[in-house]
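Here is coords00.cif, consisting of mmCIF, C-alpha atoms:
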data_data
loop_
_atom_site.label_atom_id
_atom_site.label_comp_id
_atom_site.auth_asym_id
_atom_site.auth_seq_id
_atom_site.Cartn_x
_atom_site.Cartn_y
_atom_site.Cartn_z
CA MET L 25 -165.84 -191.30 137.24
CA ASP L 26 -164.70 -190.83 133.64
CA ILE L 27 -166.53 -188.32 131.49
CA SER L 28 -166.56 -188.98 127.75
CA VAL L 29 -165.88 -186.25 125.23
CA GLN L 30 -169.50 -186.38 124.08
CA GLN L 31 -170.79 -185.93 127.62
CA TRP L 32 -168.46 -182.99 128.01
CA LEU L 33 -169.69 -181.44 124.75
CA ASP L 34 -173.31 -182.00 125.79
CA HIS L 35 -172.95 -179.84 128.88
CA PRO L 36 -174.70 -176.46 128.34
CA ALA L 37 -171.91 -174.53 130.08
CA VAL L 38 -169.40 -175.99 127.64
CA GLN L 39 -171.62 -175.48 124.59
CA SER L 40 -172.53 -171.86 125.26
CA GLY L 41 -169.59 -170.76 127.40
CA ILE L 42 -166.24 -172.48 127.05
CA ILE L 43 -166.35 -173.47 123.37
CA PRO L 44 -167.48 -170.14 121.86
CA PHE L 45 -164.98 -168.36 124.13
CA ALA L 46 -162.11 -170.57 122.94
CA VAL L 47 -163.08 -170.36 119.26
CA ALA L 48 -163.50 -166.58 119.40
CA LEU L 49 -160.15 -166.25 121.15
CA LEU L 50 -158.44 -168.20 118.37
CA VAL L 51 -160.21 -166.49 115.45
CA ALA L 52 -159.70 -162.98 116.83
CA GLY L 53 -155.99 -163.64 117.18
CA LEU L 54 -155.68 -165.08 113.66
CA LEU L 55 -157.69 -162.39 111.87
CA GLN L 56 -156.45 -159.26 113.59
CA ARG L 57 -153.78 -158.63 110.96
CA VAL L 58 -156.38 -158.51 108.20
CA ARG L 59 -158.64 -156.28 110.30
CA LEU L 60 -161.43 -158.85 110.51
CA SER L 61 -161.05 -159.91 114.13
CA GLY L 62 -164.66 -158.91 114.72
CA LEU L 63 -165.68 -162.09 112.91
CA ALA L 64 -164.58 -163.96 116.04
CA ILE L 65 -168.02 -163.24 117.52
CA VAL L 66 -169.84 -165.03 114.72
CA ALA L 67 -167.27 -167.84 114.67
CA GLY L 68 -167.92 -168.53 118.35
CA LEU L 69 -171.69 -168.49 117.83
CA ALA L 70 -171.50 -170.69 114.73
CA THR L 71 -169.56 -173.31 116.66
CA THR L 72 -172.23 -173.40 119.35
CA ILE L 73 -174.97 -173.69 116.74
CA TYR L 74 -173.14 -176.58 115.08
CA ILE L 75 -172.87 -178.43 118.40
CA ILE L 76 -176.35 -177.90 119.83
CA SER L 77 -178.57 -178.14 116.76
CA GLU L 78 -178.81 -179.57 113.29
CA PHE L 79 -177.44 -177.02 110.85
CA SER L 80 -180.32 -176.89 108.39
CA PHE L 81 -182.49 -174.20 106.85
CA SER L 82 -185.49 -176.37 106.11
CA PRO L 83 -188.07 -175.70 107.34
CA LEU L 84 -187.15 -172.03 107.70
CA THR L 85 -188.25 -171.39 111.29
CA ALA L 86 -187.65 -168.15 113.19
CA ASN L 87 -184.59 -169.63 114.88
CA ARG L 88 -183.11 -170.70 111.56
CA LYS L 89 -183.87 -167.29 110.06
CA ILE L 90 -181.75 -165.77 112.84
CA ILE L 91 -178.84 -168.02 111.86
CA LEU L 92 -179.29 -167.22 108.16
CA LEU L 93 -179.44 -163.46 108.79
CA GLY L 94 -176.36 -163.72 110.99
CA ILE L 95 -174.45 -165.24 108.07
CA VAL L 96 -175.75 -162.63 105.61
CA SER L 97 -174.91 -159.74 107.93
CA THR L 98 -171.40 -161.12 108.35
CA LEU L 99 -170.89 -161.19 104.58
CA ILE L 100 -172.16 -157.62 104.32
CA ALA L 101 -169.83 -156.46 107.07
CA ILE L 102 -166.64 -158.06 105.71
CA PRO L 103 -165.90 -155.40 103.08
CA TYR L 104 -165.73 -152.10 104.90
CA ILE L 105 -168.31 -150.11 102.97
CA ASN L 106 -168.64 -146.55 104.19
CA LEU L 107 -171.35 -145.19 101.94
CA LYS L 108 -173.17 -142.03 102.87
CA GLY L 109 -176.13 -142.97 105.01
CA MET L 110 -174.88 -146.54 105.51
CA ARG L 111 -175.90 -146.54 109.16
CA LEU L 112 -179.46 -145.60 108.26
CA ILE L 113 -179.55 -148.21 105.49
CA LEU L 114 -178.44 -150.94 107.89
CA THR L 115 -180.95 -149.80 110.49
CA ILE L 116 -183.85 -149.97 108.03
CA ALA L 117 -182.65 -153.30 106.63
CA GLY L 118 -182.34 -154.73 110.14
CA SER L 119 -185.83 -153.58 111.03
CA ALA L 120 -187.20 -155.28 107.91
CA ALA L 121 -185.23 -158.42 108.78
CA ALA L 122 -186.84 -158.46 112.22
CA ILE L 123 -190.34 -158.44 110.73
CA TRP L 124 -189.39 -161.20 108.28
CA THR L 125 -187.96 -163.31 111.10
CA VAL L 126 -191.12 -163.23 113.19
CA GLN L 127 -193.54 -163.10 110.25
CA ARG L 128 -195.13 -166.50 110.84
CA ILE L 129 -195.55 -165.80 114.55
CA LEU L 130 -197.16 -162.44 113.81
CA GLN L 131 -199.58 -163.99 111.33
CA GLN L 132 -201.11 -165.96 114.19
CA GLN L 133 -202.05 -162.72 115.97
CA GLU L 134 -205.02 -160.44 115.52
CA LEU L 135 -204.37 -157.49 113.19
CA GLN L 136 -203.91 -154.94 115.97
CA ASN L 137 -201.47 -157.13 117.88
CA MET L 138 -199.69 -158.09 114.66
CA LEU L 139 -199.02 -154.45 113.83
CA LEU L 140 -198.02 -153.62 117.39
CA TRP L 141 -195.62 -156.52 117.83
CA GLY L 142 -194.21 -156.11 114.35
CA ALA L 143 -193.48 -152.42 114.93
CA GLY L 144 -191.95 -153.22 118.33
CA CYS L 145 -189.60 -155.86 116.92
CA ALA L 146 -188.56 -153.61 114.04
CA ALA L 147 -187.89 -150.72 116.41
CA TYR L 148 -185.87 -152.85 118.84
CA VAL L 149 -183.60 -154.45 116.24
CA GLY L 150 -183.20 -151.19 114.35
CA TRP L 151 -182.29 -149.38 117.56
CA LEU L 152 -179.60 -151.90 118.48
CA ILE L 153 -178.10 -151.86 114.98
CA TYR L 154 -178.02 -148.06 114.91
CA TRP L 155 -176.42 -147.53 118.30
CA MET L 156 -174.01 -150.45 118.04
CA ASP L 157 -172.93 -149.04 114.68
CA THR L 158 -171.95 -145.80 116.41
CA LEU L 159 -169.44 -147.91 118.38
CA GLN L 160 -167.80 -149.54 115.35
CA LYS L 161 -164.66 -147.42 115.72
CA SER L 162 -164.52 -148.06 119.48
CA PRO L 163 -163.90 -151.81 119.78
CA VAL L 164 -163.57 -151.79 123.57
CA ARG L 165 -166.95 -150.12 123.96
CA ALA L 166 -168.53 -152.31 121.25
CA ALA L 167 -167.21 -155.57 122.71
CA SER L 168 -168.24 -154.56 126.24
CA ALA L 169 -171.76 -153.73 125.05
CA GLY L 170 -171.90 -156.96 123.05
CA MET L 171 -170.77 -159.08 125.96
CA VAL L 172 -173.37 -157.69 128.35
CA LEU L 173 -176.09 -157.71 125.69
CA GLY L 174 -175.35 -161.35 124.94
CA PHE L 175 -175.25 -162.49 128.55
CA GLY L 176 -178.24 -160.36 129.55
CA THR L 177 -180.39 -161.53 126.64
CA GLY L 178 -179.24 -165.12 127.05
CA ILE L 179 -179.99 -165.40 130.75
CA ALA L 180 -183.28 -163.50 130.55
CA THR L 181 -184.43 -165.66 127.64
CA LEU L 182 -183.27 -168.84 129.33
CA ILE L 183 -185.41 -167.93 132.32
CA GLY L 184 -188.20 -167.24 129.83
CA ALA L 185 -188.26 -170.95 128.99
CA SER L 186 -186.22 -171.00 125.77
CA ALA L 187 -183.09 -173.08 126.17
CA LEU L 188 -181.93 -172.70 122.56
CA LEU L 189 -182.33 -168.92 122.38
CA GLY L 190 -180.75 -168.60 125.80
CA GLN L 191 -177.73 -170.65 124.79
CA LEU L 192 -177.23 -168.62 121.62
CA GLY L 193 -177.31 -165.38 123.60
CA LEU L 194 -174.82 -166.74 126.13
CA ALA L 195 -172.57 -167.89 123.28
CA LEU L 196 -172.53 -164.35 121.89
CA GLY L 197 -171.63 -162.98 125.31
CA SER L 198 -168.85 -165.57 125.74
CA ALA L 199 -167.39 -164.80 122.31
CA ALA L 200 -167.43 -161.06 123.01
CA SER L 201 -165.72 -161.64 126.36
CA ALA L 202 -162.90 -163.49 124.54
CA TYR L 203 -162.49 -160.45 122.31
CA LEU L 204 -162.17 -158.28 125.41
CA VAL L 205 -159.64 -160.66 126.99
CA ILE L 206 -157.30 -160.36 124.00
CA MET L 207 -157.49 -156.57 124.03
CA SER L 208 -156.94 -156.46 127.79
CA LEU L 209 -153.90 -158.75 127.64
CA THR L 210 -152.28 -156.85 124.76
CA ASN L 211 -153.50 -153.47 126.02
CA ARG L 212 -154.48 -152.37 122.55
CA PRO L 213 -157.77 -152.36 120.64
CA LEU L 214 -158.35 -154.95 117.93
CA PRO L 215 -159.51 -153.73 114.52
CA ALA L 216 -163.17 -154.62 114.25
CA GLY L 217 -165.60 -152.25 112.57
CA ARG L 218 -168.95 -153.54 111.38
CA SER L 219 -167.67 -157.12 111.28
CA LEU L 220 -168.19 -156.97 115.05
CA THR L 221 -171.09 -154.60 115.55
CA LEU L 222 -173.48 -155.55 112.73
CA PRO L 223 -173.84 -159.34 113.18
CA LEU L 224 -173.79 -159.02 116.96
CA SER L 225 -176.49 -156.36 117.19
CA LEU L 226 -178.71 -158.05 114.59
CA ILE L 227 -178.51 -161.52 116.13
CA VAL L 228 -178.95 -160.45 119.74
CA GLY L 229 -181.85 -158.20 118.74
CA LEU L 230 -183.61 -161.02 116.91
CA LEU L 231 -183.04 -163.38 119.83
CA GLY L 232 -184.82 -160.93 122.11
CA CYS L 233 -187.75 -160.51 119.72
CA VAL L 234 -188.29 -164.24 119.26
CA GLY L 235 -187.88 -164.71 123.00
CA VAL L 236 -190.81 -162.35 123.58
CA LEU L 237 -193.09 -163.72 120.86
CA ALA L 238 -192.30 -167.44 120.99
CA ALA L 239 -191.20 -167.92 124.61
CA ARG L 240 -192.07 -166.11 127.84
CA LEU L 241 -189.57 -163.27 127.88
CA PRO L 242 -191.46 -160.17 129.09
CA TRP L 243 -191.55 -157.50 126.38
CA TYR L 244 -190.44 -154.78 128.79
CA CYS L 245 -187.06 -156.50 129.18
CA LEU L 246 -186.16 -155.30 125.69
CA PRO L 247 -186.26 -151.53 126.36
CA VAL L 248 -183.98 -152.14 129.35
CA LEU L 249 -181.51 -154.14 127.26
CA ALA L 250 -181.70 -151.47 124.56
CA LEU L 251 -180.01 -149.02 126.93
CA ILE L 252 -176.78 -151.05 127.00
CA PRO L 253 -175.10 -149.51 123.90
CA ILE L 254 -175.98 -146.04 125.19
CA MET L 255 -174.40 -146.78 128.56
CA THR L 256 -171.04 -147.52 126.93
CA LYS L 257 -170.84 -143.92 125.77
CA LEU L 258 -169.61 -142.82 129.18
CA PRO L 259 -166.78 -140.27 128.90
CA VAL L 260 -163.95 -142.72 129.55
CA SER L 261 -160.58 -141.74 128.12
CA GLU L 262 -158.99 -144.11 125.60
CA LYS L 263 -155.68 -143.37 127.33
CA TYR L 264 -156.77 -145.64 130.16
CA ALA L 265 -155.61 -149.25 130.08
CA VAL L 266 -157.93 -151.43 128.03
CA TRP L 267 -158.78 -153.65 131.01
CA LEU L 268 -159.84 -150.56 132.98
CA GLN L 269 -161.95 -149.23 130.12
CA SER L 270 -163.70 -152.57 129.66
CA THR L 271 -164.27 -152.88 133.40
CA LEU L 272 -165.88 -149.44 133.59
CA PHE L 273 -168.11 -150.10 130.58
CA THR L 274 -169.09 -153.53 131.88
CA VAL L 275 -169.99 -152.21 135.31
CA ALA L 276 -172.04 -149.41 133.75
CA THR L 277 -174.02 -151.78 131.53
CA LEU L 278 -174.45 -154.71 133.91
CA SER L 279 -177.19 -152.86 135.74
CA CYS L 280 -179.34 -152.97 132.57
CA ALA L 281 -178.73 -156.69 132.09
CA ALA L 282 -179.41 -157.36 135.77
CA VAL L 283 -182.74 -155.52 135.61
CA ALA L 284 -183.79 -157.46 132.49
CA VAL L 285 -182.87 -160.76 134.13
CA TYR L 286 -184.75 -159.80 137.29
CA LEU L 287 -187.87 -158.83 135.32
CA SER L 288 -187.82 -162.15 133.49
CA TRP L 289 -187.28 -164.07 136.74
CA ARG L 290 -190.10 -162.17 138.45
CA VAL L 291 -192.54 -163.32 135.77
CA ASN L 292 -191.26 -166.84 135.12
CA GLY L 293 -189.51 -167.87 138.34
CA THR L 294 -186.41 -170.00 138.44
CA PRO L 295 -186.19 -172.31 135.40
CA PRO L 296 -185.91 -176.07 136.02
CA PHE L 297 -182.24 -176.51 135.05
#

As structure tokens, the full file:
Amino acid sequence: MDISVQQWLDHPAVQSGIIPFAVALLVAGLLQRVRLSGLAIVAGLATTIYIISEFSFSPLTANRKIILLGIVSTLIAIPYINLKGMRLILTIAGSAAAIWTVQRILQQQELQNMLLWGAGCAAYVGWLIYWMDTLQKSPVRAASAGMVLGFGTGIATLIGASALLGQLGLALGSAASAYLVIMSLTNRPLPAGRSLTLPLSLIVGLLGCVGVLAARLPWYCLPVLALIPIMTKLPVSEKYAVWLQSTLFTVATLSCAAVAVYLSWRVNGTPPF
């Protein structure tokens, strides 16, 4: 039975797995000489967004705010600005962006819940930005954390009855895995910096927040996922082969993703794929 190109592109595994992986692989290879290979993550995600949804910012829903903030964070990260206190500035800005993203959802809550959920979202996104930023000079650790964060958030959110958010998370994980593949094959780190860590941490953090507030992702999945960047700080020597480093970091962080997925499945059951 022949399968048309459109049918192939409509398959979720292709949209959020194969295509972002291939695009990220290409972009990372092309941009490594100008030290912007970290943009491969956003390139892979942007391709998925283009395929699965209409690229429009009107009306400005929470999902579209995530896309917009991903673009803005990428532009901020392109020039390597190393101002004093930059990490704290980005953390505060990311926390504010989280509140802005879920603002309309929060306004539907009672005051106490609005303050509680708003503070929780700000803390989660700020935490991810801060700790991922500490990995900006360790691309193997950063990409490993990003891959597991993306896959963990994507699967847990997909189980939580949000196909779009789940696909975006999986696309991030696929793009980060392509980044790891290049480094493993060449056995050398790719220059990345904040062009990798900032958009990735902001987008995946916002996906988790919207998954909790607008879908059925249990809130306690987020603290588990938040441990992933910390877990990549294991004392693994950079003298090891890149594939071994990435394997060790992935194994260490997969337990967090697995727990988050299990918690989501326990509440929501198996989604009707």

Anything within 12 Å of (-161.2, -158.1, 124.4): list those residues as a ChimeraX atom specification, counting only C-alpha atoms and sticking to the file's coordinates. /L:45,48-49,52-53,56,61-62,64-65,162-171,197-216,220,265-271,274

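In this structure, atom CA of L:Gln160 sits 23.9 Å away from atom CA of L:Thr71.
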
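In this comparison, which uses all atoms listed in the file, the residue of L:Ala121, L:Val236, L:Val38, L:Met110 approaching L:Asp157 most closely is L:Met110.
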
For this file, the PyMOL selection byres ((chain L and resi 39) around 12) selects which residues, as number ranges by chain? L: 30-38, 40-47, 68-77, 187-188, 190-196, 198-199

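The neighbours of L:Val283 here are the residues that come within 9 Å of it, using only C-alpha atoms and leaving out any residue fewer than 6 positions away in the same chain; they are L:Gly176, L:Cys245, L:Val248, L:Leu249.
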
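With distances restricted to all atoms listed in the file, L:Asn87 is the closest residue to L:Gly235 from L:Asn87, L:Ser97, L:Ser261, L:Gln133.
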
On this structure, the PyMOL selection byres ((chain L and resi 140-142) around 12) would catch which residues? List them as an NGL selection string, sorted by chain and number. :L and (119-139 or 143-149 or 230 or 233-234 or 236-238 or 243)

Selection from above, C-alpha atoms, as a PDB file, in the coordinates of the input, can you write it?
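This is the output file result08.pdb:
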ATOM      1  CA  SER L 119    -185.830-153.580 111.030  1.00  0.00           C
ATOM      2  CA  ALA L 120    -187.200-155.280 107.910  1.00  0.00           C
ATOM      3  CA  ALA L 121    -185.230-158.420 108.780  1.00  0.00           C
ATOM      4  CA  ALA L 122    -186.840-158.460 112.220  1.00  0.00           C
ATOM      5  CA  ILE L 123    -190.340-158.440 110.730  1.00  0.00           C
ATOM      6  CA  TRP L 124    -189.390-161.200 108.280  1.00  0.00           C
ATOM      7  CA  THR L 125    -187.960-163.310 111.100  1.00  0.00           C
ATOM      8  CA  VAL L 126    -191.120-163.230 113.190  1.00  0.00           C
ATOM      9  CA  GLN L 127    -193.540-163.100 110.250  1.00  0.00           C
ATOM     10  CA  ARG L 128    -195.130-166.500 110.840  1.00  0.00           C
ATOM     11  CA  ILE L 129    -195.550-165.800 114.550  1.00  0.00           C
ATOM     12  CA  LEU L 130    -197.160-162.440 113.810  1.00  0.00           C
ATOM     13  CA  GLN L 131    -199.580-163.990 111.330  1.00  0.00           C
ATOM     14  CA  GLN L 132    -201.110-165.960 114.190  1.00  0.00           C
ATOM     15  CA  GLN L 133    -202.050-162.720 115.970  1.00  0.00           C
ATOM     16  CA  GLU L 134    -205.020-160.440 115.520  1.00  0.00           C
ATOM     17  CA  LEU L 135    -204.370-157.490 113.190  1.00  0.00           C
ATOM     18  CA  GLN L 136    -203.910-154.940 115.970  1.00  0.00           C
ATOM     19  CA  ASN L 137    -201.470-157.130 117.880  1.00  0.00           C
ATOM     20  CA  MET L 138    -199.690-158.090 114.660  1.00  0.00           C
ATOM     21  CA  LEU L 139    -199.020-154.450 113.830  1.00  0.00           C
ATOM     22  CA  ALA L 143    -193.480-152.420 114.930  1.00  0.00           C
ATOM     23  CA  GLY L 144    -191.950-153.220 118.330  1.00  0.00           C
ATOM     24  CA  CYS L 145    -189.600-155.860 116.920  1.00  0.00           C
ATOM     25  CA  ALA L 146    -188.560-153.610 114.040  1.00  0.00           C
ATOM     26  CA  ALA L 147    -187.890-150.720 116.410  1.00  0.00           C
ATOM     27  CA  TYR L 148    -185.870-152.850 118.840  1.00  0.00           C
ATOM     28  CA  VAL L 149    -183.600-154.450 116.240  1.00  0.00           C
ATOM     29  CA  LEU L 230    -183.610-161.020 116.910  1.00  0.00           C
ATOM     30  CA  CYS L 233    -187.750-160.510 119.720  1.00  0.00           C
ATOM     31  CA  VAL L 234    -188.290-164.240 119.260  1.00  0.00           C
ATOM     32  CA  VAL L 236    -190.810-162.350 123.580  1.00  0.00           C
ATOM     33  CA  LEU L 237    -193.090-163.720 120.860  1.00  0.00           C
ATOM     34  CA  ALA L 238    -192.300-167.440 120.990  1.00  0.00           C
ATOM     35  CA  TRP L 243    -191.550-157.500 126.380  1.00  0.00           C
TER      36      TRP L 243
END

Please provide the set of residues having any atom within 12 Å of L:Tyr154, restricted to only C-alpha atoms, with same-chain residues fewer than 5 positions apart removed, written as a PDB file with C-alpha atoms, in the frame of the given file.
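result18.pdb, written as the output of this step:
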ATOM      1  CA  GLY L 109    -176.130-142.970 105.010  1.00  0.00           C
ATOM      2  CA  MET L 110    -174.880-146.540 105.510  1.00  0.00           C
ATOM      3  CA  ARG L 111    -175.900-146.540 109.160  1.00  0.00           C
ATOM      4  CA  LEU L 112    -179.460-145.600 108.260  1.00  0.00           C
ATOM      5  CA  ILE L 113    -179.550-148.210 105.490  1.00  0.00           C
ATOM      6  CA  LEU L 114    -178.440-150.940 107.890  1.00  0.00           C
ATOM      7  CA  THR L 115    -180.950-149.800 110.490  1.00  0.00           C
ATOM      8  CA  ILE L 116    -183.850-149.970 108.030  1.00  0.00           C
ATOM      9  CA  ALA L 117    -182.650-153.300 106.630  1.00  0.00           C
ATOM     10  CA  GLY L 118    -182.340-154.730 110.140  1.00  0.00           C
ATOM     11  CA  SER L 119    -185.830-153.580 111.030  1.00  0.00           C
ATOM     12  CA  ALA L 146    -188.560-153.610 114.040  1.00  0.00           C
ATOM     13  CA  ALA L 147    -187.890-150.720 116.410  1.00  0.00           C
ATOM     14  CA  TYR L 148    -185.870-152.850 118.840  1.00  0.00           C
ATOM     15  CA  VAL L 149    -183.600-154.450 116.240  1.00  0.00           C
ATOM     16  CA  LEU L 159    -169.440-147.910 118.380  1.00  0.00           C
ATOM     17  CA  GLN L 160    -167.800-149.540 115.350  1.00  0.00           C
ATOM     18  CA  ARG L 218    -168.950-153.540 111.380  1.00  0.00           C
ATOM     19  CA  THR L 221    -171.090-154.600 115.550  1.00  0.00           C
ATOM     20  CA  LEU L 222    -173.480-155.550 112.730  1.00  0.00           C
ATOM     21  CA  LEU L 224    -173.790-159.020 116.960  1.00  0.00           C
ATOM     22  CA  SER L 225    -176.490-156.360 117.190  1.00  0.00           C
ATOM     23  CA  LEU L 226    -178.710-158.050 114.590  1.00  0.00           C
ATOM     24  CA  GLY L 229    -181.850-158.200 118.740  1.00  0.00           C
ATOM     25  CA  ALA L 250    -181.700-151.470 124.560  1.00  0.00           C
ATOM     26  CA  PRO L 253    -175.100-149.510 123.900  1.00  0.00           C
ATOM     27  CA  ILE L 254    -175.980-146.040 125.190  1.00  0.00           C
TER      28      ILE L 254
END

Record the distance separating atom CA of L:Arg88 and atom CA of L:Ala239, expressed in Å with one decimal. 15.6 Å
